[in-house]
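Note: the block below is entry05.cif and it holds mmCIF, C-alpha atoms.
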```cif
data_structure
loop_
_atom_site.label_atom_id
_atom_site.label_comp_id
_atom_site.auth_asym_id
_atom_site.auth_seq_id
_atom_site.Cartn_x
_atom_site.Cartn_y
_atom_site.Cartn_z
CA GLN A 1 0.00 0.00 0.00
CA ALA A 2 2.82 2.44 0.89
CA ALA A 3 4.55 1.74 -2.44
CA ASP A 4 1.30 2.44 -4.33
CA ASP A 5 0.86 5.73 -2.48
CA PHE A 6 4.41 6.91 -3.27
CA GLU A 7 4.08 5.93 -6.94
CA THR A 8 0.75 7.76 -7.18
CA ALA A 9 2.30 10.89 -5.68
CA LEU A 10 5.23 10.73 -8.13
CA SER A 11 2.91 10.22 -11.12
CA LEU A 12 1.07 13.40 -10.17
CA ILE A 13 4.05 15.52 -9.17
CA LYS A 14 7.50 14.54 -10.36
CA ASN A 15 10.07 14.47 -7.55
CA TYR A 16 7.37 15.19 -4.97
CA LYS A 17 9.19 15.89 -1.68
CA ASP A 18 11.12 12.74 -0.60
CA ALA A 19 8.65 10.25 -2.14
CA ARG A 20 11.24 8.74 -4.50
CA ALA A 21 13.78 8.21 -1.70
CA ARG A 22 11.13 6.59 0.48
CA LEU A 23 10.03 4.34 -2.40
CA THR A 24 13.64 3.23 -2.95
CA ASP A 25 13.99 2.58 0.78
CA LEU A 26 10.95 0.32 1.02
CA ASP A 27 12.80 -2.83 -0.07
CA ARG A 28 15.39 -2.36 2.69
CA LEU A 29 12.65 -1.74 5.26
CA ARG A 30 10.81 -4.89 4.18
CA LYS A 31 13.98 -6.94 4.62
CA GLU A 32 14.71 -5.41 8.02
CA TYR A 33 11.15 -6.07 9.18
CA ALA A 34 11.30 -9.69 7.94
CA GLU A 35 14.57 -10.22 9.83
CA GLU A 36 13.11 -8.70 13.01
CA GLN A 37 10.12 -11.05 12.75
CA ARG A 38 12.40 -14.06 12.16
CA LEU A 39 14.50 -13.27 15.23
CA LEU A 40 11.40 -12.63 17.35
CA ARG A 41 9.97 -15.97 16.28
CA LEU A 42 13.19 -17.80 17.16
CA ARG A 43 13.30 -16.16 20.59
CA ASN A 44 9.69 -17.16 21.23
CA ILE A 45 10.38 -20.75 20.14
CA ASP A 46 13.37 -20.87 22.48
CA ARG A 47 11.41 -19.42 25.42
CA GLU A 48 8.35 -21.67 24.99
CA PHE A 49 10.48 -24.81 24.69
CA GLN A 50 12.54 -23.90 27.78
CA ASN A 51 9.40 -23.23 29.81
CA GLY A 52 7.87 -26.51 28.62
CA LEU A 53 10.97 -28.51 29.49
CA LEU A 54 11.22 -26.96 32.96
CA ALA A 55 7.51 -27.55 33.69
CA TYR A 56 7.85 -31.17 32.54
CA ALA A 57 10.89 -31.73 34.80
CA GLU A 58 8.92 -30.38 37.76
CA GLY A 59 5.82 -32.50 37.07
CA ARG A 60 3.62 -29.60 35.92
CA TYR A 61 2.47 -31.58 32.91
CA LYS A 62 -0.53 -29.55 31.72
CA GLU A 63 1.53 -26.36 31.81
CA ALA A 64 4.35 -28.18 29.99
CA LEU A 65 1.92 -29.35 27.30
CA SER A 66 0.66 -25.79 26.76
CA HIS A 67 4.21 -24.42 26.27
CA LEU A 68 5.29 -27.28 24.00
CA GLU A 69 2.19 -27.02 21.83
CA ARG A 70 2.87 -23.29 21.42
CA THR A 71 6.43 -24.22 20.39
CA LEU A 72 4.97 -26.43 17.67
CA VAL A 73 2.61 -23.69 16.47
CA LEU A 74 5.65 -21.43 16.02
CA ASP A 75 7.85 -24.18 14.54
CA ALA A 76 5.83 -26.97 12.92
CA GLY A 77 8.96 -29.00 12.08
CA ASN A 78 10.22 -29.10 15.68
CA GLU A 79 10.87 -32.80 16.33
CA LEU A 80 12.07 -32.25 19.90
CA ALA A 81 8.79 -30.51 20.79
CA LYS A 82 6.83 -33.38 19.17
CA LYS A 83 8.82 -35.92 21.19
CA TYR A 84 8.22 -34.12 24.49
CA ILE A 85 4.53 -33.55 23.73
CA ALA A 86 4.14 -37.33 23.39
CA MET A 87 6.02 -37.86 26.68
CA VAL A 88 3.93 -35.25 28.51
CA LYS A 89 0.66 -36.71 27.20
CA GLU A 90 1.75 -40.15 28.38
CA ALA A 91 2.53 -38.72 31.85
CA ILE A 92 -0.89 -37.01 31.97
CA ARG A 93 -2.63 -40.27 30.97
CA ASP A 94 -0.76 -42.16 33.69
CA ILE A 95 -1.81 -39.63 36.32
CA GLU A 96 -5.43 -39.68 35.14
CA GLU A 97 -5.41 -43.48 35.41
CA GLU A 98 -3.77 -43.50 38.82
CA VAL A 99 -6.12 -40.91 40.34
CA VAL A 100 -9.59 -40.19 38.92
CA ASP A 101 -10.25 -36.65 40.22
CA VAL A 102 -13.48 -34.64 40.42
CA ASP A 103 -12.88 -33.10 36.98
CA SER A 104 -12.89 -36.51 35.28
CA PRO A 105 -16.09 -37.57 33.45
CA TYR A 106 -15.60 -40.97 35.12
CA TYR A 107 -15.58 -39.57 38.66
CA SER A 108 -19.31 -40.25 39.20
CA ILE A 109 -18.71 -43.90 38.27
CA VAL A 110 -15.41 -44.53 40.05
CA ASN A 111 -15.94 -42.63 43.32
CA PRO A 112 -18.99 -44.66 44.49
CA LEU A 113 -17.05 -47.86 43.75
CA ILE A 114 -14.13 -46.60 45.87
CA ILE A 115 -16.42 -45.71 48.79
CA SER A 116 -18.25 -49.04 48.59
CA GLY A 117 -15.01 -51.02 48.18
CA LYS A 118 -13.44 -49.42 51.26
CA GLN A 119 -16.57 -49.95 53.38
CA LEU A 120 -16.73 -53.63 52.40
CA TYR A 121 -13.02 -54.06 53.13
CA ASP A 122 -13.36 -52.46 56.57
CA ARG A 123 -16.20 -54.91 57.35
CA GLY A 124 -14.00 -57.85 56.35
CA ASN A 125 -16.05 -58.65 53.24
CA TYR A 126 -12.98 -59.07 51.05
CA ILE A 127 -14.70 -60.98 48.22
CA GLU A 128 -17.27 -58.24 47.54
CA SER A 129 -14.66 -55.53 48.11
CA ARG A 130 -12.41 -57.14 45.51
CA LYS A 131 -15.23 -57.02 42.95
CA ARG A 132 -15.38 -53.21 43.30
CA TRP A 133 -11.64 -52.84 42.73
CA ASP A 134 -11.80 -55.18 39.71
CA GLU A 135 -14.50 -52.96 38.19
CA ILE A 136 -12.31 -49.87 38.57
CA LEU A 137 -9.24 -51.62 37.17
CA ARG A 138 -11.17 -52.68 34.07
CA LEU A 139 -11.61 -48.95 33.36
CA PHE A 140 -8.28 -47.72 34.73
CA PRO A 141 -5.65 -50.50 34.98
CA LYS A 142 -3.17 -48.21 36.77
CA ASN A 143 -5.55 -46.77 39.38
CA ARG A 144 -3.48 -46.57 42.55
CA ILE A 145 -6.27 -46.91 45.15
CA ALA A 146 -7.83 -49.88 43.35
CA LEU A 147 -4.46 -51.64 43.01
CA GLU A 148 -3.65 -51.08 46.66
CA PHE A 149 -6.94 -52.45 47.98
CA LEU A 150 -6.99 -55.32 45.50
CA LEU A 151 -3.59 -56.36 46.83
CA LYS A 152 -4.89 -56.07 50.40
CA CYS A 153 -7.91 -58.24 49.54
CA GLU A 154 -5.66 -60.85 47.88
CA LEU A 155 -3.39 -60.88 50.92
CA ALA A 156 -6.38 -61.49 53.21
CA LEU A 157 -8.09 -64.09 51.00
CA ASN A 158 -5.19 -65.91 49.37
CA PRO A 159 -1.59 -65.09 50.35
CA ALA A 160 -0.24 -67.21 47.47
CA ALA A 161 -2.26 -65.21 44.93
CA PHE A 162 -1.02 -62.01 46.56
CA GLN A 163 2.57 -63.13 46.00
CA ASP A 164 1.90 -63.70 42.29
CA PHE A 165 0.15 -60.36 41.87
CA ALA A 166 2.78 -58.48 43.88
CA GLN A 167 5.58 -60.07 41.87
CA LYS A 168 3.89 -58.89 38.66
CA ILE A 169 3.88 -55.29 39.96
CA VAL A 170 7.51 -55.56 41.13
CA ASP A 171 8.51 -56.90 37.70
CA GLU A 172 6.75 -53.93 36.05
CA GLY A 173 8.70 -51.65 38.39
CA LYS A 174 11.97 -53.32 37.42
CA GLU A 175 11.19 -52.76 33.72
CA LEU A 176 10.51 -49.09 34.45
CA LEU A 177 13.79 -48.94 36.38
CA ALA A 178 15.67 -50.42 33.42
CA GLY A 179 13.99 -47.84 31.17
CA ARG A 180 15.14 -45.03 33.50
CA LYS A 181 11.54 -44.15 34.45
CA PHE A 182 12.57 -43.85 38.07
CA ALA A 183 9.57 -41.95 39.49
CA GLN A 184 7.10 -44.46 38.03
CA ALA A 185 9.18 -47.40 39.26
CA LEU A 186 9.33 -45.84 42.72
CA GLY A 187 5.52 -45.64 42.79
CA LYS A 188 5.24 -49.38 42.05
CA PHE A 189 7.75 -50.37 44.73
CA GLU A 190 6.28 -48.09 47.39
CA LEU A 191 2.84 -49.55 46.69
CA ILE A 192 4.14 -53.04 47.50
CA ARG A 193 5.99 -51.87 50.62
CA SER A 194 2.85 -50.11 51.91
CA ILE A 195 1.13 -53.50 52.01
CA SER A 196 4.03 -55.83 52.74
CA ALA A 197 6.91 -53.99 54.42
CA ASP A 198 9.13 -57.11 54.46
CA TYR A 199 8.61 -58.00 50.79
CA PRO A 200 11.92 -59.43 49.44
CA GLU A 201 14.35 -56.82 48.03
CA ILE A 202 11.73 -54.07 48.18
CA ASN A 203 13.88 -51.65 50.19
CA ASP A 204 16.82 -52.15 47.82
CA LEU A 205 14.57 -51.50 44.82
CA ILE A 206 13.13 -48.36 46.40
CA GLY A 207 16.68 -47.18 47.12
CA ALA A 208 17.70 -47.76 43.49
CA ALA A 209 14.66 -45.87 42.19
CA LYS A 210 15.32 -42.93 44.54
CA ARG A 211 18.97 -42.77 43.51
CA GLY A 212 17.85 -42.71 39.90
CA THR A 213 15.57 -39.71 40.48
CA GLU A 214 18.46 -37.81 42.10
CA ARG A 215 21.21 -38.74 39.63
CA THR A 216 22.22 -35.91 37.31
CA THR A 217 24.29 -38.04 34.92
CA PRO A 218 23.57 -41.67 33.91
CA ALA A 219 25.87 -44.42 35.15
CA GLY A 220 28.88 -44.99 32.90
CA ILE A 221 28.94 -41.40 31.61
CA ASN A 222 31.90 -39.21 32.55
CA PRO A 223 30.46 -35.90 33.91
CA GLN A 224 33.70 -34.06 33.13
CA GLU A 225 33.55 -35.18 29.50
CA VAL A 226 29.90 -34.08 29.27
CA GLU A 227 30.74 -30.65 30.72
CA ALA A 228 33.72 -30.28 28.39
CA ARG A 229 31.55 -31.13 25.38
CA TYR A 230 28.89 -28.68 26.53
CA ALA A 231 31.42 -25.87 27.06
CA GLN A 232 32.94 -26.55 23.63
CA GLY A 233 29.48 -26.50 22.05
CA MET A 234 28.60 -23.17 23.68
CA GLU A 235 31.93 -21.66 22.61
CA LEU A 236 31.33 -22.70 18.98
CA TYR A 237 27.76 -21.39 19.11
CA GLN A 238 28.85 -18.00 20.46
CA ARG A 239 31.36 -17.60 17.62
CA GLY A 240 28.47 -17.65 15.14
CA GLY A 241 28.57 -18.62 11.48
CA LYS A 242 26.76 -21.63 10.06
CA GLY A 243 29.78 -23.94 10.26
CA ASN A 244 30.42 -23.21 13.93
CA ILE A 245 26.74 -23.49 14.82
CA GLU A 246 26.43 -26.87 13.08
CA ALA A 247 29.57 -28.07 14.89
CA ALA A 248 28.07 -26.89 18.21
CA LEU A 249 24.90 -28.85 17.41
CA GLY A 250 27.03 -31.97 16.96
CA ASN A 251 28.37 -31.56 20.50
CA PHE A 252 24.91 -31.14 22.03
CA ARG A 253 23.56 -34.14 20.10
CA TRP A 254 26.50 -36.21 21.36
CA ILE A 255 25.57 -35.33 24.97
CA VAL A 256 21.83 -35.99 24.54
CA ALA A 257 22.52 -39.36 22.88
CA ARG A 258 24.29 -40.42 26.10
CA ASP A 259 22.21 -38.45 28.62
CA PRO A 260 18.68 -37.88 27.22
CA ASN A 261 17.75 -35.70 30.21
CA HIS A 262 20.62 -33.21 29.91
CA THR A 263 18.37 -30.14 29.95
CA ARG A 264 20.91 -27.51 28.93
CA SER A 265 21.92 -29.50 25.84
CA LEU A 266 18.29 -30.14 24.89
CA ILE A 267 17.59 -26.40 25.05
CA ALA A 268 20.70 -25.59 22.98
CA MET A 269 19.79 -28.31 20.44
CA ASN A 270 16.29 -26.92 20.06
CA ARG A 271 17.58 -23.36 19.67
CA ILE A 272 20.06 -24.31 16.94
CA GLU A 273 17.75 -26.68 15.04
CA SER A 274 15.01 -24.01 14.90
CA GLN A 275 17.57 -21.41 13.85
CA LEU A 276 18.83 -23.60 11.00
CA ARG A 277 15.25 -24.36 9.87
CA PHE A 278 14.41 -20.65 9.70
CA GLY A 279 17.73 -19.60 8.17
CA GLY A 280 20.60 -17.57 9.56
CA GLY A 281 23.97 -18.56 10.92
CA GLU A 282 24.35 -15.90 13.58
CA VAL A 283 23.74 -16.19 17.31
CA VAL A 284 20.17 -15.31 18.28
CA ARG A 285 20.52 -13.19 21.41
CA GLU A 286 17.76 -12.70 23.94
CA ARG A 287 16.42 -9.17 24.18
CA GLY A 288 15.10 -7.45 27.23
CA GLY A 289 16.50 -9.92 29.77
CA LEU A 290 14.38 -12.25 31.87
CA THR A 291 10.67 -11.85 32.56
CA ASP A 292 9.54 -11.13 36.13
CA LYS A 293 8.39 -14.75 36.46
CA GLN A 294 11.76 -16.05 35.28
CA LYS A 295 13.62 -13.73 37.68
CA ALA A 296 11.48 -14.98 40.57
CA LEU A 297 12.22 -18.61 39.64
CA VAL A 298 15.95 -17.86 39.39
CA ARG A 299 15.93 -16.34 42.89
CA THR A 300 13.97 -19.28 44.31
CA TYR A 301 16.20 -21.96 42.78
CA TYR A 302 19.40 -20.08 43.62
CA TYR A 303 18.55 -19.69 47.33
CA ASN A 304 17.22 -23.25 47.49
CA GLY A 305 20.70 -24.26 46.33
CA ILE A 306 22.35 -22.08 48.98
CA ASN A 307 20.17 -23.71 51.65
CA TYR A 308 21.13 -27.24 50.51
CA TYR A 309 24.78 -26.21 50.25
CA THR A 310 24.92 -24.87 53.83
CA ASN A 311 23.43 -28.19 54.99
CA ASN A 312 26.12 -30.14 53.08
CA ASN A 313 23.58 -31.59 50.63
CA PHE A 314 25.74 -30.81 47.61
CA ASP A 315 23.88 -33.02 45.09
CA LYS A 316 20.60 -31.22 45.78
CA ALA A 317 22.35 -27.85 45.68
CA ILE A 318 23.76 -28.66 42.24
CA GLU A 319 20.31 -29.74 41.06
CA GLU A 320 18.80 -26.37 42.08
CA TRP A 321 21.63 -24.31 40.54
CA ARG A 322 21.32 -26.22 37.28
CA LYS A 323 17.68 -25.15 37.16
CA VAL A 324 18.96 -21.56 37.45
CA LEU A 325 21.22 -22.09 34.42
CA VAL A 326 18.36 -23.53 32.38
CA ILE A 327 16.55 -20.19 32.76
CA ASP A 328 19.60 -17.92 32.81
CA PRO A 329 22.70 -19.48 31.21
CA THR A 330 24.72 -16.34 32.10
CA HIS A 331 24.26 -16.73 35.89
CA GLU A 332 27.93 -16.95 36.92
CA LYS A 333 27.28 -17.38 40.66
CA ALA A 334 25.24 -20.52 40.05
CA ARG A 335 27.88 -21.85 37.62
CA ASN A 336 30.73 -21.19 40.09
CA ASN A 337 28.77 -22.74 42.97
CA ILE A 338 28.26 -25.91 40.91
CA ARG A 339 32.01 -26.12 40.28
CA LYS A 340 32.74 -25.72 44.02
CA SER A 341 30.19 -28.39 44.93
CA LEU A 342 31.59 -30.84 42.38
CA VAL A 343 35.07 -30.34 43.88
CA LEU A 344 33.70 -31.01 47.37
CA LEU A 345 32.02 -34.18 46.05
CA GLY A 346 35.31 -35.28 44.48
CA ARG A 347 33.90 -35.19 40.96
#
```

Could I get this file's structure written as C-alpha cells?
Amino acid sequence: QAADDFETALSLIKNYKDARARLTDLDRLRKEYAEEQRLLRLRNIDREFQNGLLAYAEGRYKEALSHLERTLVLDAGNELAKKYIAMVKEAIRDIEEEVVDVDSPYYSIVNPLIISGKQLYDRGNYIESRKRWDEILRLFPKNRIALEFLLKCELALNPAAFQDFAQKIVDEGKELLAGRKFAQALGKFELIRSISADYPEINDLIGAAKRGTERTTPAGINPQEVEARYAQGMELYQRGGKGNIEAALGNFRWIVARDPNHTRSLIAMNRIESQLRFGGGEVVRERGGLTDKQKALVRTYYYNGINYYTNNNFDKAIEEWRKVLVIDPTHEKARNNIRKSLVLLGR
C-alpha cells in the first residue's frame, strides 16, 4: 500500500518531496522487518520450549503441554517438541489413570465404587470388596487406590495369589527402572511396601529408584567429558557462522545421545535446530532480559541451592543451581557454585 501511495504521488508531481527516496527505501525496510520477525519468532520458540521442558521436569504436565504445543505452532517442524509432547501426554494419561479426580467424566462412576469397596473391606467382606476394585481396574488398569486395595484383599483371601500379583507389579517396576523411568518405578515399589513392608528386596529396589531420580548423569557417563563437550558447544555457538553453529549442534547431540535428560543441551539443540530451519547462521541473542516470572524462579532456585549447600547436601544444591542455568545461562554465581560443589564431592 505504501509503495502504491508513493508511486501515485510521483505520477502526479515529479520528484514530490522525498517520495522517491522513500520508495527506494521500502525494499530495505521490508527486509529489516522480515529479519526482526524471524528473530522474534526464534526467541519465542526458544522461550516456549525452555518453559515446557522446565515444567515437565517439575511435574507440571498440563503447563508443559501448553508451552510445547505453542512451540509447535511457532515451529511446525520441531521434532524435539513433538517428542516431548508425546512424553507429557503419556505422563498425563498415567496420572489420570492412577487418580480419577473430580474433573474426570468418570468420577461419578469410580468414586462410588471406591467408597463401597473401602466400606466392604473395613467390614471384612474381602470378596465383595475385591469385585469393586476389579470394576475400577477394568476402566483404569493403573488406578493406585484400586491396586492397593486389590492387593490387600488378595493378601487377606489368598496369600499365594497375593505373592503372584505383587511379583507382577515388582517386575513392572523393574522394567521401568531399566527404562530409566525412576519416578514411576518408585511408585510401584512403594505400593508393594505399603502392604508388605518385608517383601523381598523391596527396600533395595526403592533405594535404586530414589537414587535414579536424584542422579544428574547416567551411570557410565563421565560428567567431566559431558561438561567439556557442553562448554565446547557453547563456545562454537557464540562464535556464530553456520559452520560453527552446526559443529556446536554436533556436541549437544553427542551429549543428549548419552544423557537424554541433559536439559541444557536439549535447550541448545532446540535453539540451533530451529535457527537452521528458519535460516541464519548468527547467534540469536535474547532481548530485554528475563521476565519477572523467570527472575522470581531464578531467585527461588538459587537460594534453594544455597540452603542445601549450607546443609552439606551438595547433590541437591547442584540440582537447584542447574535449574537456574536452564533459565539464565549467564548466571555466573550458580555456575561457580556448581564447580565448588563438584570439587567437594570429588567429581

Checklist entry - For the file shown, what are the residues hit by the PyMOL selection byres ((chain A and resi 293-302) around 10), laid out as a PyMOL selection string? => result chain A and resi 51+289-292+303-307+317-328+331+333-334+337

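Distance annotation: of A:Arg264, A:Asp204, A:Ala247, A:Glu63, the residue with the minimal separation from Tyr230 of chain A is A:Arg264; atom set is all atoms listed in the file.
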
Checklist entry - Which one is closest to Gln163 of chain A: A:Pro141, A:Gly187, A:Gly243, A:Pro200? Count all atoms listed in the file. => result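 Closest residue, counting all atoms listed in the file: A:Pro200.
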
Checklist entry - Can you list what the PyMOL selection byres ((chain A and resi 206) around 12) grabs from this structure, as a ChimeraX atom specification? => result /A:170,173-174,177,182-194,197,199-205,207-213

Item to check | Coordinates-based distance that separates atom CA of Ala57 of chain A from atom CA of Gln167 of chain A (Å, one decimal) | outcome: 29.7 Å

Checklist outcome for this item: atom CA of Ala166 of chain A sits from atom CA of Gly124 of chain A at a separation of 20.9 Å

Item to check | Atomic distance atom CA of Ala248 of chain A - atom CA of Ser274 of chain A, expressed in Å with one decimal | outcome: 13.8 Å

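Residue nearest Ser116 of chain A within the list A:Asp46, A:Glu135, A:Glu154, A:Glu32: A:Glu135 [criterion: smallest interatomic distance, all atoms listed in the file].
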
Item to check | Polymer residues at most 8 Å from Asp134 of chain A, only C-alpha atoms, same-chain spacing of 4 or more positions, as a list in words | outcome: Arg130, Arg138, Ala146 and Leu150 of chain A

Item to check | Given all atoms listed in the file as the counted atoms, nearest of A:Tyr107, A:Tyr126, A:Phe278, A:Tyr121 to Leu74 of chain A | outcome: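 Result for the nearest residue to Leu74 of chain A: A:Phe278.
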
Checklist entry - Between A:Asn312, A:Lys131, A:Gly233, A:Phe49, which is the closest to Glu79 of chain A once you count only C-alpha atoms? => result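 Among A:Asn312, A:Lys131, A:Gly233, A:Phe49, it is A:Phe49 that comes nearest to Glu79 of chain A.
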
Next on the checklist: My list of candidates is A:Asn251, A:Gln275, A:Asn44, A:Ser196. Which is closest to Gly77 of chain A when distances are computed with only C-alpha atoms?
Outcome noted: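 That would be A:Gln275, the residue with the smallest distance to Gly77 of chain A.
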
Checklist entry - So what does the PyMOL selection byres ((chain A and resi 237) around 10) actually pick up in this one, as a PyMOL selection string? => result chain A and resi 231-236+238-249+268+272+281-284

Find the smallest box with edges along x, y and z containing every listed atom of segment 230-234 of chain A, then add 3 Å on each side and report centre and edge lengths in Å to one decimal, as lines of an AutoDock Vina configuration file.
```
center_x = 30.8
center_y = -25.9
center_z = 24.6
size_x = 10.3
size_y = 11.5
size_z = 11.0
```

Checklist entry - Skipping near chain neighbours, those fewer than 3 positions away, what residues fall within 12 Å of Leu137 of chain A using all atoms listed in the file, listed as a ChimeraX atom specification? => result /A:97-100,110,113-114,130-134,140-150

Checklist entry - Which polymer residues have any atom within 9 Å of an atom of Ala55 of chain A, counting all atoms listed in the file, with same-chain residues fewer than 6 positions away left out, as a VMD selection string? => result chain A and resid 61 to 65 67

Write out as a PDB file with C-alpha atoms, in the coordinates of the input which residues come within 8 Å of Glu273 of chain A when counting all atoms listed in the file, dropping same-chain ones fewer than 4 positions away.
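Written file, selection.pdb:
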```pdb
ATOM      1  CA  ASN A  78      10.220 -29.100  15.680  1.00  0.00           C
ATOM      2  CA  LEU A 249      24.900 -28.850  17.410  1.00  0.00           C
ATOM      3  CA  MET A 269      19.790 -28.310  20.440  1.00  0.00           C
ATOM      4  CA  ARG A 277      15.250 -24.360   9.870  1.00  0.00           C
TER       5      ARG A 277
END
```

Please identify all polymer residues within 9 Å of Glu48 of chain A, counting all atoms listed in the file, omitting same-chain residues fewer than 3 positions from it, and present them as a tab-separated table (two decimals) with C-alpha atoms, keeping the file's coordinate frame.
```
chain	number	residue	atom	x	y	z
A	43	ARG	CA	13.30	-16.16	20.59
A	44	ASN	CA	9.69	-17.16	21.23
A	45	ILE	CA	10.38	-20.75	20.14
A	51	ASN	CA	9.40	-23.23	29.81
A	52	GLY	CA	7.87	-26.51	28.62
A	53	LEU	CA	10.97	-28.51	29.49
A	66	SER	CA	0.66	-25.79	26.76
A	67	HIS	CA	4.21	-24.42	26.27
A	68	LEU	CA	5.29	-27.28	24.00
A	69	GLU	CA	2.19	-27.02	21.83
A	70	ARG	CA	2.87	-23.29	21.42
A	71	THR	CA	6.43	-24.22	20.39
```
